[in-house]
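S.K.: One file is attached below, run35.pdb, containing PDB, C-alpha atoms.
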ATOM      1  CA  MET K  12      11.012  19.508 101.240
ATOM      2  CA  GLU K  13      13.282  18.613 104.103
ATOM      3  CA  ALA K  14      15.699  15.809 103.469
ATOM      4  CA  SER K  15      15.119  12.789 105.639
ATOM      5  CA  ALA K  16      17.847  11.875 108.109
ATOM      6  CA  GLY K  17      16.698   8.280 108.467
ATOM      7  CA  LEU K  18      19.322   5.575 108.312
ATOM      8  CA  ALA K  19      18.658   2.473 106.236
ATOM      9  CA  MET K  20      20.343  -0.761 107.299
ATOM     10  CA  GLN K  21      21.464  -3.296 104.724
ATOM     11  CA  SER K  22      22.020  -6.613 106.463
ATOM     12  CA  ARG K  23      24.640  -9.089 105.314
ATOM     13  CA  ALA K  24      25.492 -12.572 106.391
ATOM     14  CA  ALA K  25      28.930 -11.600 107.712
ATOM     15  CA  VAL K  26      29.425 -11.426 111.465
ATOM     16  CA  GLY K  27      30.007  -8.037 113.128
ATOM     17  CA  VAL K  28      28.995  -4.494 112.411
ATOM     18  CA  GLY K  29      30.916  -2.465 109.870
ATOM     19  CA  ALA K  30      30.888   1.288 109.791
ATOM     20  CA  GLY K  31      30.542   2.615 106.305
ATOM     21  CA  PRO K  32      27.775   5.177 106.054
ATOM     22  CA  GLY K  33      27.165   6.240 102.501
ATOM     23  CA  VAL K  34      24.424   8.247 100.887
ATOM     24  CA  GLY K  35      21.478   6.236  99.640
ATOM     25  CA  ARG K  36      18.433   7.195  97.669
ATOM     26  CA  ARG K  37      16.629  10.466  98.361
ATOM     27  CA  GLY K  38      19.426  11.786 100.549
ATOM     28  CA  ARG K  39      19.124   9.090 103.188
ATOM     29  CA  ALA K  40      22.269   8.205 105.079
ATOM     30  CA  VAL K  41      22.927   4.495 104.693
ATOM     31  CA  ILE K  42      24.637   2.424 107.354
ATOM     32  CA  ARG K  43      25.865  -0.879 106.067
ATOM     33  CA  VAL K  44      26.097  -3.873 108.343
ATOM     34  CA  GLY K  45      28.748  -6.357 107.424
ATOM     35  CA  LYS K  46      32.340  -7.300 108.149
ATOM     36  CA  ARG K  47      33.900  -5.096 110.794
ATOM     37  CA  PRO K  48      36.469  -2.800 109.191
ATOM     38  CA  THR K  49      40.068  -2.629 110.227
ATOM     39  CA  ALA K  50      41.696   0.401 111.823
ATOM     40  CA  ALA K  51      43.146   1.353 108.457
ATOM     41  CA  SER K  52      39.831   1.222 106.596
ATOM     42  CA  LEU K  53      37.260   2.710 108.956
ATOM     43  CA  ARG K  54      36.023   6.069 107.694
ATOM     44  CA  VAL K  55      33.211   8.471 108.407
ATOM     45  CA  GLY K  56      31.300   9.006 105.222
ATOM     46  CA  GLY K  57      31.173   7.018 102.028
ATOM     47  CA  PRO K  58      32.310   7.475  98.451
ATOM     48  CA  ALA K  59      29.204   9.438  97.588
ATOM     49  CA  GLY K  60      29.133  11.431 100.809
ATOM     50  CA  PRO K  61      31.318  14.214 102.175
ATOM     51  CA  ALA K  62      35.076  13.933 102.326
ATOM     52  CA  ALA K  63      36.093  10.839 104.256
ATOM     53  CA  ALA K  64      37.627  11.277 107.671
ATOM     54  CA  LYS K  65      41.118  10.072 108.405
ATOM     55  CA  PRO K  66      41.592   6.412 109.351
ATOM     56  CA  LEU K  67      41.339   5.475 112.990
ATOM     57  CA  ALA K  68      44.257   6.603 115.083
ATOM     58  CA  PRO K  69      46.520   3.940 116.579
ATOM     59  CA  LEU K  70      45.765   2.851 120.120
ATOM     60  CA  TYR K  71      48.586   4.965 121.407
ATOM     61  CA  CYS K  72      50.576   7.954 120.295
ATOM     62  CA  LEU K  73      54.323   8.247 120.672
ATOM     63  CA  LYS K  74      55.344  11.487 122.334
ATOM     64  CA  ALA K  75      58.066  13.087 120.299
ATOM     65  CA  SER K  76      61.476  13.897 121.740
ATOM     66  CA  ARG K  77      61.007  12.015 124.999
ATOM     67  CA  GLY K  78      63.092   8.947 124.219
ATOM     68  CA  HIS K  79      62.778   5.438 125.583
ATOM     69  CA  ASP K  80      60.617   6.378 128.584
ATOM     70  CA  SER K  81      57.985   7.851 126.283
ATOM     71  CA  LEU K  82      57.871   4.707 124.165
ATOM     72  CA  HIS K  83      57.628   2.552 127.274
ATOM     73  CA  ASN K  84      54.796   4.648 128.729
ATOM     74  CA  SER K  85      52.922   4.633 125.435
ATOM     75  CA  VAL K  86      53.118   0.856 125.165
ATOM     76  CA  ASP K  87      51.967   0.546 128.776
ATOM     77  CA  GLU K  88      48.994   2.771 127.972
ATOM     78  CA  ALA K  89      48.077   0.630 124.973
ATOM     79  CA  LEU K  90      48.262  -2.569 127.018
ATOM     80  CA  LEU K  91      46.140  -1.064 129.788
ATOM     81  CA  LEU K  92      43.623   0.161 127.241
ATOM     82  CA  LYS K  93      43.370  -3.262 125.627
ATOM     83  CA  ARG K  94      43.065  -5.094 128.938
ATOM     84  CA  LYS K  95      40.391  -2.755 130.250
ATOM     85  CA  SER K  96      38.438  -2.959 126.993
ATOM     86  CA  GLU K  97      38.325  -6.743 127.252
ATOM     87  CA  GLU K  98      36.892  -6.488 130.762
ATOM     88  CA  VAL K  99      34.285  -3.922 129.761
ATOM     89  CA  LEU K 100      33.322  -5.701 126.554
ATOM     90  CA  PHE K 101      31.854  -8.615 128.491
ATOM     91  CA  TYR K 102      29.430  -6.358 130.340
ATOM     92  CA  LEU K 103      28.491  -4.263 127.319
ATOM     93  CA  ASN K 104      27.047  -7.250 125.471
ATOM     94  CA  GLY K 105      26.775  -5.244 122.268
ATOM     95  CA  ARG K 106      25.262  -2.096 123.756
ATOM     96  CA  CYS K 107      26.146   1.135 121.982
ATOM     97  CA  ILE K 108      28.213   3.884 123.590
ATOM     98  CA  TYR K 109      27.331   7.546 123.078
ATOM     99  CA  LEU K 110      29.874  10.251 123.868
ATOM    100  CA  VAL K 111      28.401  13.625 124.828
ATOM    101  CA  GLY K 112      30.064  16.898 125.736
ATOM    102  CA  MET K 113      30.793  20.421 124.637
ATOM    103  CA  MET K 114      32.113  21.189 121.168
ATOM    104  CA  GLY K 115      35.856  20.684 121.000
ATOM    105  CA  SER K 116      35.921  18.226 123.900
ATOM    106  CA  GLY K 117      37.488  15.465 121.794
ATOM    107  CA  LYS K 118      34.444  13.222 121.440
ATOM    108  CA  SER K 119      35.282  12.035 117.930
ATOM    109  CA  THR K 120      38.934  11.312 118.732
ATOM    110  CA  VAL K 121      38.134   9.338 121.876
ATOM    111  CA  ALA K 122      35.192   7.574 120.208
ATOM    112  CA  LYS K 123      37.467   6.299 117.435
ATOM    113  CA  ILE K 124      39.899   4.863 119.977
ATOM    114  CA  LEU K 125      37.097   3.162 121.919
ATOM    115  CA  ALA K 126      35.598   1.731 118.726
ATOM    116  CA  GLU K 127      38.994   0.389 117.672
ATOM    117  CA  VAL K 128      39.792  -1.327 120.944
ATOM    118  CA  LEU K 129      36.281  -2.689 121.564
ATOM    119  CA  GLY K 130      35.842  -4.004 118.030
ATOM    120  CA  TYR K 131      32.904  -1.634 117.585
ATOM    121  CA  SER K 132      32.122   0.687 114.687
ATOM    122  CA  PHE K 133      32.459   4.453 114.916
ATOM    123  CA  PHE K 134      29.951   7.067 113.785
ATOM    124  CA  ASP K 135      29.867  10.834 114.067
ATOM    125  CA  SER K 136      26.256  12.012 114.260
ATOM    126  CA  ASP K 137      27.115  15.407 112.754
ATOM    127  CA  LYS K 138      28.632  13.726 109.697
ATOM    128  CA  LEU K 139      25.541  11.579 109.251
ATOM    129  CA  VAL K 140      23.302  14.656 109.344
ATOM    130  CA  GLU K 141      25.506  16.341 106.756
ATOM    131  CA  GLN K 142      25.153  13.308 104.497
ATOM    132  CA  ALA K 143      21.414  13.046 105.034
ATOM    133  CA  VAL K 144      20.709  16.642 104.002
ATOM    134  CA  GLY K 145      23.399  16.722 101.323
ATOM    135  CA  MET K 146      25.493  19.555 102.731
ATOM    136  CA  PRO K 147      29.228  19.570 103.480
ATOM    137  CA  SER K 148      29.116  21.078 106.979
ATOM    138  CA  VAL K 149      26.981  21.774 110.018
ATOM    139  CA  ALA K 150      27.802  25.454 109.608
ATOM    140  CA  GLN K 151      26.221  25.496 106.138
ATOM    141  CA  ILE K 152      23.127  23.681 107.407
ATOM    142  CA  PHE K 153      22.687  26.331 110.101
ATOM    143  CA  LYS K 154      23.209  29.107 107.553
ATOM    144  CA  GLU K 155      20.940  27.835 104.775
ATOM    145  CA  HIS K 156      18.262  26.287 106.973
ATOM    146  CA  SER K 157      18.254  26.760 110.742
ATOM    147  CA  GLU K 158      19.443  25.229 113.964
ATOM    148  CA  ALA K 159      15.982  23.717 114.452
ATOM    149  CA  PHE K 160      16.220  22.017 111.054
ATOM    150  CA  PHE K 161      19.587  20.574 112.033
ATOM    151  CA  ARG K 162      18.264  19.388 115.424
ATOM    152  CA  ASP K 163      15.312  17.624 113.770
ATOM    153  CA  ASN K 164      17.654  15.686 111.512
ATOM    154  CA  GLU K 165      20.042  15.013 114.399
ATOM    155  CA  SER K 166      17.206  13.412 116.370
ATOM    156  CA  SER K 167      16.305  11.261 113.368
ATOM    157  CA  VAL K 168      19.901  10.066 113.092
ATOM    158  CA  LEU K 169      20.113   9.218 116.804
ATOM    159  CA  ARG K 170      16.770   7.423 116.623
ATOM    160  CA  ASP K 171      17.997   5.144 113.870
ATOM    161  CA  LEU K 172      21.418   4.576 115.443
ATOM    162  CA  SER K 173      19.693   3.527 118.667
ATOM    163  CA  SER K 174      18.211   0.504 116.882
ATOM    164  CA  MET K 175      21.696  -0.819 116.129
ATOM    165  CA  ARG K 176      24.354  -2.523 118.231
ATOM    166  CA  ARG K 177      28.125  -2.407 118.722
ATOM    167  CA  LEU K 178      28.569   1.271 117.861
ATOM    168  CA  VAL K 179      30.500   4.115 119.447
ATOM    169  CA  VAL K 180      28.803   7.375 118.518
ATOM    170  CA  ALA K 181      30.301  10.842 118.847
ATOM    171  CA  THR K 182      27.326  13.168 119.224
ATOM    172  CA  GLY K 183      27.123  16.883 118.516
ATOM    173  CA  GLY K 184      27.596  19.267 121.415
ATOM    174  CA  GLY K 185      23.926  20.239 121.466
ATOM    175  CA  ALA K 186      22.440  16.759 121.089
ATOM    176  CA  VAL K 187      21.708  16.690 124.819
ATOM    177  CA  VAL K 188      19.224  19.566 124.750
ATOM    178  CA  ARG K 189      16.328  17.513 123.392
ATOM    179  CA  PRO K 190      14.820  15.019 125.842
ATOM    180  CA  VAL K 191      13.900  12.675 122.981
ATOM    181  CA  ASN K 192      17.579  12.245 122.185
ATOM    182  CA  TRP K 193      18.169  10.933 125.696
ATOM    183  CA  LYS K 194      15.404   8.415 125.087
ATOM    184  CA  TYR K 195      17.456   7.075 122.173
ATOM    185  CA  MET K 196      20.840   7.265 123.896
ATOM    186  CA  LYS K 197      19.570   5.539 127.040
ATOM    187  CA  LYS K 198      19.173   2.386 124.955
ATOM    188  CA  GLY K 199      22.951   2.267 125.194
ATOM    189  CA  LEU K 200      25.450   3.840 127.590
ATOM    190  CA  SER K 201      26.248   7.536 127.558
ATOM    191  CA  VAL K 202      29.567   9.071 128.608
ATOM    192  CA  TRP K 203      30.116  12.778 129.256
ATOM    193  CA  LEU K 204      33.561  14.141 128.428
ATOM    194  CA  ASP K 205      33.803  17.030 130.897
ATOM    195  CA  VAL K 206      36.547  19.444 129.814
ATOM    196  CA  PRO K 207      37.353  22.750 131.583
ATOM    197  CA  LEU K 208      36.000  25.724 129.665
ATOM    198  CA  ASP K 209      39.335  27.524 129.542
ATOM    199  CA  ALA K 210      40.941  24.497 127.886
ATOM    200  CA  LEU K 211      38.092  24.306 125.362
ATOM    201  CA  ALA K 212      38.379  28.028 124.610
ATOM    202  CA  ARG K 213      42.128  27.763 124.032
ATOM    203  CA  ARG K 214      41.683  24.798 121.730
ATOM    204  CA  ILE K 215      38.900  26.403 119.712
ATOM    205  CA  ALA K 216      40.719  29.739 119.470
ATOM    206  CA  GLN K 217      43.723  27.943 117.985
ATOM    207  CA  VAL K 218      41.834  26.019 115.295
ATOM    208  CA  GLY K 219      39.213  28.648 114.499
ATOM    209  CA  THR K 220      35.428  28.726 114.691
ATOM    210  CA  ALA K 221      34.423  28.482 111.016
ATOM    211  CA  SER K 222      33.107  24.927 111.494
ATOM    212  CA  ARG K 223      31.271  25.815 114.718
ATOM    213  CA  PRO K 224      28.266  28.003 113.855
ATOM    214  CA  LEU K 225      27.338  28.767 117.462
ATOM    215  CA  LEU K 226      30.798  30.246 118.055
ATOM    216  CA  ASP K 227      31.581  31.775 114.675
ATOM    217  CA  GLN K 228      31.488  35.498 115.442
ATOM    218  CA  PRO K 229      34.048  38.146 114.449
ATOM    219  CA  SER K 230      36.342  39.032 117.333
ATOM    220  CA  SER K 231      39.751  40.586 117.876
ATOM    221  CA  ASP K 232      40.219  38.244 120.840
ATOM    222  CA  PRO K 233      39.196  34.708 119.776
ATOM    223  CA  TYR K 234      39.920  33.173 123.197
ATOM    224  CA  THR K 235      37.772  35.640 125.144
ATOM    225  CA  ALA K 236      34.942  35.386 122.625
ATOM    226  CA  ALA K 237      35.048  31.569 122.679
ATOM    227  CA  PHE K 238      35.211  31.431 126.470
ATOM    228  CA  SER K 239      32.248  33.788 126.837
ATOM    229  CA  LYS K 240      30.062  31.796 124.428
ATOM    230  CA  LEU K 241      31.138  28.435 125.872
ATOM    231  CA  SER K 242      30.296  29.655 129.371
ATOM    232  CA  MET K 243      26.796  30.556 128.238
ATOM    233  CA  LEU K 244      26.312  27.190 126.515
ATOM    234  CA  ALA K 245      27.644  25.346 129.564
ATOM    235  CA  GLU K 246      25.136  27.161 131.746
ATOM    236  CA  GLN K 247      22.321  26.124 129.419
ATOM    237  CA  ARG K 248      23.444  22.514 128.954
ATOM    238  CA  GLY K 249      25.153  21.607 132.214
ATOM    239  CA  ASP K 250      22.184  19.770 133.709
ATOM    240  CA  ALA K 251      21.586  17.962 130.419
ATOM    241  CA  TYR K 252      25.162  16.646 130.240
ATOM    242  CA  ALA K 253      24.774  15.396 133.803
ATOM    243  CA  ASN K 254      22.140  12.933 132.539
ATOM    244  CA  ALA K 255      24.937  10.791 131.132
ATOM    245  CA  ASP K 256      25.526   7.389 132.705
ATOM    246  CA  ALA K 257      29.207   8.172 133.273
ATOM    247  CA  ARG K 258      31.246  11.360 133.617
ATOM    248  CA  VAL K 259      34.875  11.580 132.545
ATOM    249  CA  SER K 260      36.466  14.649 134.125
ATOM    250  CA  LEU K 261      39.700  15.672 132.443
ATOM    251  CA  GLU K 262      40.615  17.711 135.510
ATOM    252  CA  GLU K 263      40.387  14.584 137.660
ATOM    253  CA  ILE K 264      42.533  12.572 135.236
ATOM    254  CA  ALA K 265      45.157  15.329 135.135
ATOM    255  CA  ASP K 266      45.189  15.543 138.925
ATOM    256  CA  LYS K 267      45.712  11.782 139.270
ATOM    257  CA  GLN K 268      48.617  11.952 136.840
ATOM    258  CA  GLY K 269      50.182  14.986 138.483
ATOM    259  CA  HIS K 270      49.515  17.376 135.600
ATOM    260  CA  ASP K 271      48.500  20.988 136.099
ATOM    261  CA  ASP K 272      47.061  21.291 132.593
ATOM    262  CA  VAL K 273      44.561  18.951 130.917
ATOM    263  CA  SER K 274      46.225  19.620 127.558
ATOM    264  CA  LYS K 275      49.018  17.282 128.695
ATOM    265  CA  LEU K 276      46.615  14.336 128.613
ATOM    266  CA  THR K 277      46.598  12.044 125.595
ATOM    267  CA  PRO K 278      43.415  10.776 123.929
ATOM    268  CA  THR K 279      44.419   7.323 125.194
ATOM    269  CA  ASP K 280      44.457   8.618 128.779
ATOM    270  CA  ILE K 281      40.903   9.821 128.302
ATOM    271  CA  ALA K 282      39.768   6.606 126.594
ATOM    272  CA  ILE K 283      41.138   4.505 129.467
ATOM    273  CA  GLU K 284      39.283   6.656 131.991
ATOM    274  CA  ALA K 285      36.105   6.328 129.923
ATOM    275  CA  LEU K 286      36.372   2.538 130.051
ATOM    276  CA  LEU K 287      36.930   2.668 133.815
ATOM    277  CA  LYS K 288      33.833   4.829 134.264
ATOM    278  CA  ILE K 289      31.769   2.562 132.024
ATOM    279  CA  GLU K 290      32.925  -0.459 134.011
ATOM    280  CA  ASN K 291      32.018   1.255 137.294
ATOM    281  CA  PHE K 292      28.571   2.099 135.985
ATOM    282  CA  VAL K 293      27.694  -1.341 134.655
ATOM    283  CA  THR K 294      29.030  -3.181 137.707
ATOM    284  CA  GLU K 295      27.224  -0.850 140.116
ATOM    285  CA  HIS K 296      23.999  -1.597 138.266
ATOM    286  CA  SER K 297      24.619  -5.321 137.953
ATOM    287  CA  THR K 298      22.248  -6.132 140.817
ATOM    288  CA  SER K 299      19.671  -3.505 139.944
ATOM    289  CA  SER K 300      16.457  -4.117 138.068
ATOM    290  CA  GLY K 301      15.832  -2.655 134.660
ATOM    291  CA  PRO K 302      17.510  -3.024 131.261
ATOM    292  CA  VAL K 303      21.100  -2.579 132.456
ATOM    293  CA  GLY K 304      20.821  -4.917 135.425
ATOM    294  CA  ASP K 305      18.906  -7.554 133.465
ATOM    295  CA  LEU K 306      21.447  -7.379 130.666
ATOM    296  CA  ILE K 307      24.402  -7.930 133.001
ATOM    297  CA  VAL K 308      22.723 -10.750 134.937
ATOM    298  CA  ASP K 309      21.899 -12.483 131.656
ATOM    299  CA  SER K 310      25.497 -12.098 130.477
ATOM    300  CA  GLN K 311      26.834 -13.469 133.762
ATOM    301  CA  ASN K 312      24.493 -16.449 133.598
ATOM    302  CA  ARG K 313      25.579 -17.306 130.074
ATOM    303  CA  ARG K 314      29.228 -16.972 131.013
ATOM    304  CA  THR K 315      28.728 -19.327 133.989
ATOM    305  CA  LYS K 316      27.078 -21.908 131.790
ATOM    306  CA  ALA K 317      29.957 -21.667 129.317
ATOM    307  CA  LEU K 318      32.442 -22.398 132.094
TER     308      LEU K 318
END
Let me see whether you can do it: turn the structure in this file into structure tokens.

M.R.:
Amino acid sequence: MEASAGLAMQSRAAVGVGAGPGVGRRGRAVIRVGKRPTAASLRVGGPAGPAAAKPLAPLYCLKASRGHDSLHNSVDEALLLKRKSEEVLFYLNGRCIYLVGMMGSGKSTVAKILAEVLGYSFFDSDKLVEQAVGMPSVAQIFKEHSEAFFRDNESSVLRDLSSMRRLVVATGGGAVVRPVNWKYMKKGLSVWLDVPLDALARRIAQVGTASRPLLDQPSSDPYTAAFSKLSMLAEQRGDAYANADARVSLEEIADKQGHDDVSKLTPTDIAIEALLKIENFVTEHSTSSGPVGDLIVDSQNRRTKAL
């Protein structure tokens, strides 16, 4: 019998949403709602689930061996990130953010930064599927069951996450292929991290493909093999990724900063651009009809009354 990937919510009286998925009865992933965790305590997974992820990264990262200028630039980045998050937070009004993109595009890293600065909770949909079916990795799920089995559970996880608020969710690379998943993600805001394929192939070739079942094939040239497979996946999924509400192009960020290689960008650079794109999207739709426009108009009206 297939394990259910449903997520059970346990409400508490405390204000805010805390991220602490554990494993409940019958293999169900449990998301607990309670006091929002601090940067030092937020984990993916619970005591009974798979190995916990590392704590949230700081809002900025010091660049080694670059002296005072590096420290100054890093602090400036952190301040810009915080200021932009405060502006965007007003318009979000609790709506969830879903990061989509190819495997290795940095969705989890950027999602953690956004969750930290927005006061949201972070979830990795792949980790929740692993917990729900009681297996330690996506690769093992593919091997012992099938990709279709994984996708069914992934859709169940996204369905249940879509009923919650104040989350930043890092989705799996293939989550975009099922139209029903877009139905769930459109209840929030979706952001596509668009990374050049050559950069993805270099990154994946360096760290290995054991955890990425769609890429894990023996090869004497890991970069070429990864690039070839990524190109095929990009061809299949390109239109699906374009359904996202906002697109964050790492090539465009690098160009604005005068870099010739996207690997020189920091996760904070990408997170700032994501907030800018989210802000552009919500403000452009502020006068439109529909859920997004109605949400923003309602927020603006309440803010005016408060003043």

S.K.: Using only C-alpha atoms, can you tell me which of K:Val111, K:Leu169, K:Ile264, K:Val206 comes closest to Tyr252 in chain K?

M.R.: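 Comparing K:Val111, K:Leu169, K:Ile264, K:Val206 against Tyr252 in chain K, the winner is K:Val111.
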
S.K.: Which neighbours of range 242-250 of chain K fall inside 8 Å, counting only C-alpha atoms, when residues of the same chain fewer than 6 positions from it are skipped, and could you give them as a PyMOL selection string?

M.R.: chain K and resi 113+185+187-188+208

S.K.: From the options K:Asp209, K:Asp135, K:Asp272, K:Glu290, which residue's atoms come nearest to Leu172 in chain K, counting all atoms listed in the file?

M.R.: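 Under the stated criterion, the closest residue is K:Asp135.
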
S.K.: As AutoDock Vina command-line options, what would the box around range 86-96 of chain K look like: edges along x, y and z, 8 Å added on every side, centre and edge lengths in Å to one decimal?

M.R.:
--center_x 45.8 --center_y -1.2 --center_z 127.6 --size_x 30.7 --size_y 23.9 --size_z 21.3

S.K.: Taking into account all atoms listed in the file, which residue in the set K:Asp171, K:Glu263, K:Ala186, K:Arg176 is nearest to Ala159 in chain K?

M.R.: K:Ala186

S.K.: For range 257-262 of chain K, please output as a PyMOL selection string all residues within 7 Å (counting all atoms listed in the file; exclusion window: fewer than 6 positions along the same chain).

M.R.: chain K and resi 201-206+273+284-285+288-289+292

S.K.: Please compute the CA of Lys194 in chain K-CA of Lys138 in chain K distance, one decimal, in Å.

M.R.: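 Going from CA of Lys194 in chain K over to CA of Lys138 in chain K covers 21.0 Å.
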
S.K.: Please measure the separation of CA of Asp87 in chain K and CA of Met114 in chain K, giving the value in Å to one decimal.

M.R.: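 Answer for the CA of Asp87 in chain K to CA of Met114 in chain K separation: 29.6 Å.
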
S.K.: Nearest to Lys95 in chain K among K:Gln142, K:Asn291, K:Ser119, K:Thr277, with distances taken over all atoms listed in the file: which residue is it?

M.R.: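 Counting all atoms listed in the file, the residue closest to Lys95 in chain K is K:Asn291.
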
S.K.: Can you spell out as number ranges by chain the set of residues that the PyMOL selection byres ((chain K and resi 166) around 12) selects in the structure I just provided?

M.R.: K: 15-18, 136-137, 139-140, 159-165, 167-173, 182-183, 185-196

S.K.: To one decimal in Å, tell me the separation between CA of Leu103 in chain K and CA of Asp266 in chain K.

M.R.: 28.4 Å

S.K.: Can I get a file of range 88-105 of chain K from the given structure, N, CA, C and O atoms kept, as a CSV table (one decimal), in the first residue's frame?

M.R.:
chain,number,residue,atom,x,y,z
K,88,GLU,N,24.5,44.4,1.5
K,88,GLU,CA,23.5,43.4,0.9
K,88,GLU,C,22.5,43.0,1.9
K,88,GLU,O,21.3,42.9,1.6
K,89,ALA,N,22.9,42.7,3.2
K,89,ALA,CA,22.0,42.3,4.2
K,89,ALA,C,21.0,43.4,4.5
K,89,ALA,O,19.8,43.1,4.7
K,90,LEU,N,21.4,44.7,4.5
K,90,LEU,CA,20.5,45.8,4.8
K,90,LEU,C,19.5,45.9,3.6
K,90,LEU,O,18.3,46.2,3.9
K,91,LEU,N,20.0,45.8,2.4
K,91,LEU,CA,19.1,45.9,1.3
K,91,LEU,C,18.1,44.8,1.3
K,91,LEU,O,16.9,45.0,1.0
K,92,LEU,N,18.6,43.6,1.6
K,92,LEU,CA,17.7,42.4,1.7
K,92,LEU,C,16.6,42.6,2.7
K,92,LEU,O,15.4,42.4,2.5
K,93,LYS,N,17.0,43.1,3.9
K,93,LYS,CA,16.0,43.4,5.0
K,93,LYS,C,15.0,44.4,4.6
K,93,LYS,O,13.8,44.3,4.8
K,94,ARG,N,15.5,45.5,4.0
K,94,ARG,CA,14.6,46.6,3.6
K,94,ARG,C,13.6,46.2,2.5
K,94,ARG,O,12.4,46.5,2.6
K,95,LYS,N,14.1,45.5,1.5
K,95,LYS,CA,13.2,45.0,0.5
K,95,LYS,C,12.2,44.0,1.0
K,95,LYS,O,11.0,44.0,0.6
K,96,SER,N,12.6,43.1,1.9
K,96,SER,CA,11.7,42.2,2.5
K,96,SER,C,10.5,42.8,3.2
K,96,SER,O,9.4,42.4,3.2
K,97,GLU,N,10.8,43.9,3.9
K,97,GLU,CA,9.8,44.7,4.6
K,97,GLU,C,8.8,45.3,3.7
K,97,GLU,O,7.6,45.3,4.0
K,98,GLU,N,9.3,45.7,2.5
K,98,GLU,CA,8.3,46.3,1.5
K,98,GLU,C,7.5,45.2,0.9
K,98,GLU,O,6.3,45.4,0.7
K,99,VAL,N,8.1,44.1,0.6
K,99,VAL,CA,7.3,43.0,0.0
K,99,VAL,C,6.3,42.4,0.9
K,99,VAL,O,5.2,41.9,0.5
K,100,LEU,N,6.7,42.3,2.2
K,100,LEU,CA,5.9,41.6,3.2
K,100,LEU,C,4.5,42.2,3.3
K,100,LEU,O,3.5,41.4,3.4
K,101,PHE,N,4.4,43.5,3.2
K,101,PHE,CA,3.1,44.1,3.2
K,101,PHE,C,2.2,43.6,2.1
K,101,PHE,O,1.0,43.3,2.4
K,102,TYR,N,2.7,43.5,0.9
K,102,TYR,CA,1.9,43.0,-0.2
K,102,TYR,C,1.6,41.5,-0.2
K,102,TYR,O,0.5,41.1,-0.7
K,103,LEU,N,2.5,40.8,0.4
K,103,LEU,CA,2.3,39.3,0.5
K,103,LEU,C,1.0,38.9,1.3
K,103,LEU,O,0.3,38.0,1.0
K,104,ASN,N,0.9,39.6,2.4
K,104,ASN,CA,-0.3,39.4,3.3
K,104,ASN,C,-0.4,37.9,3.7
K,104,ASN,O,-1.5,37.3,3.7
K,105,GLY,N,0.7,37.2,3.9
K,105,GLY,CA,0.7,35.8,4.3
K,105,GLY,C,0.7,34.8,3.2
K,105,GLY,O,0.8,33.6,3.5
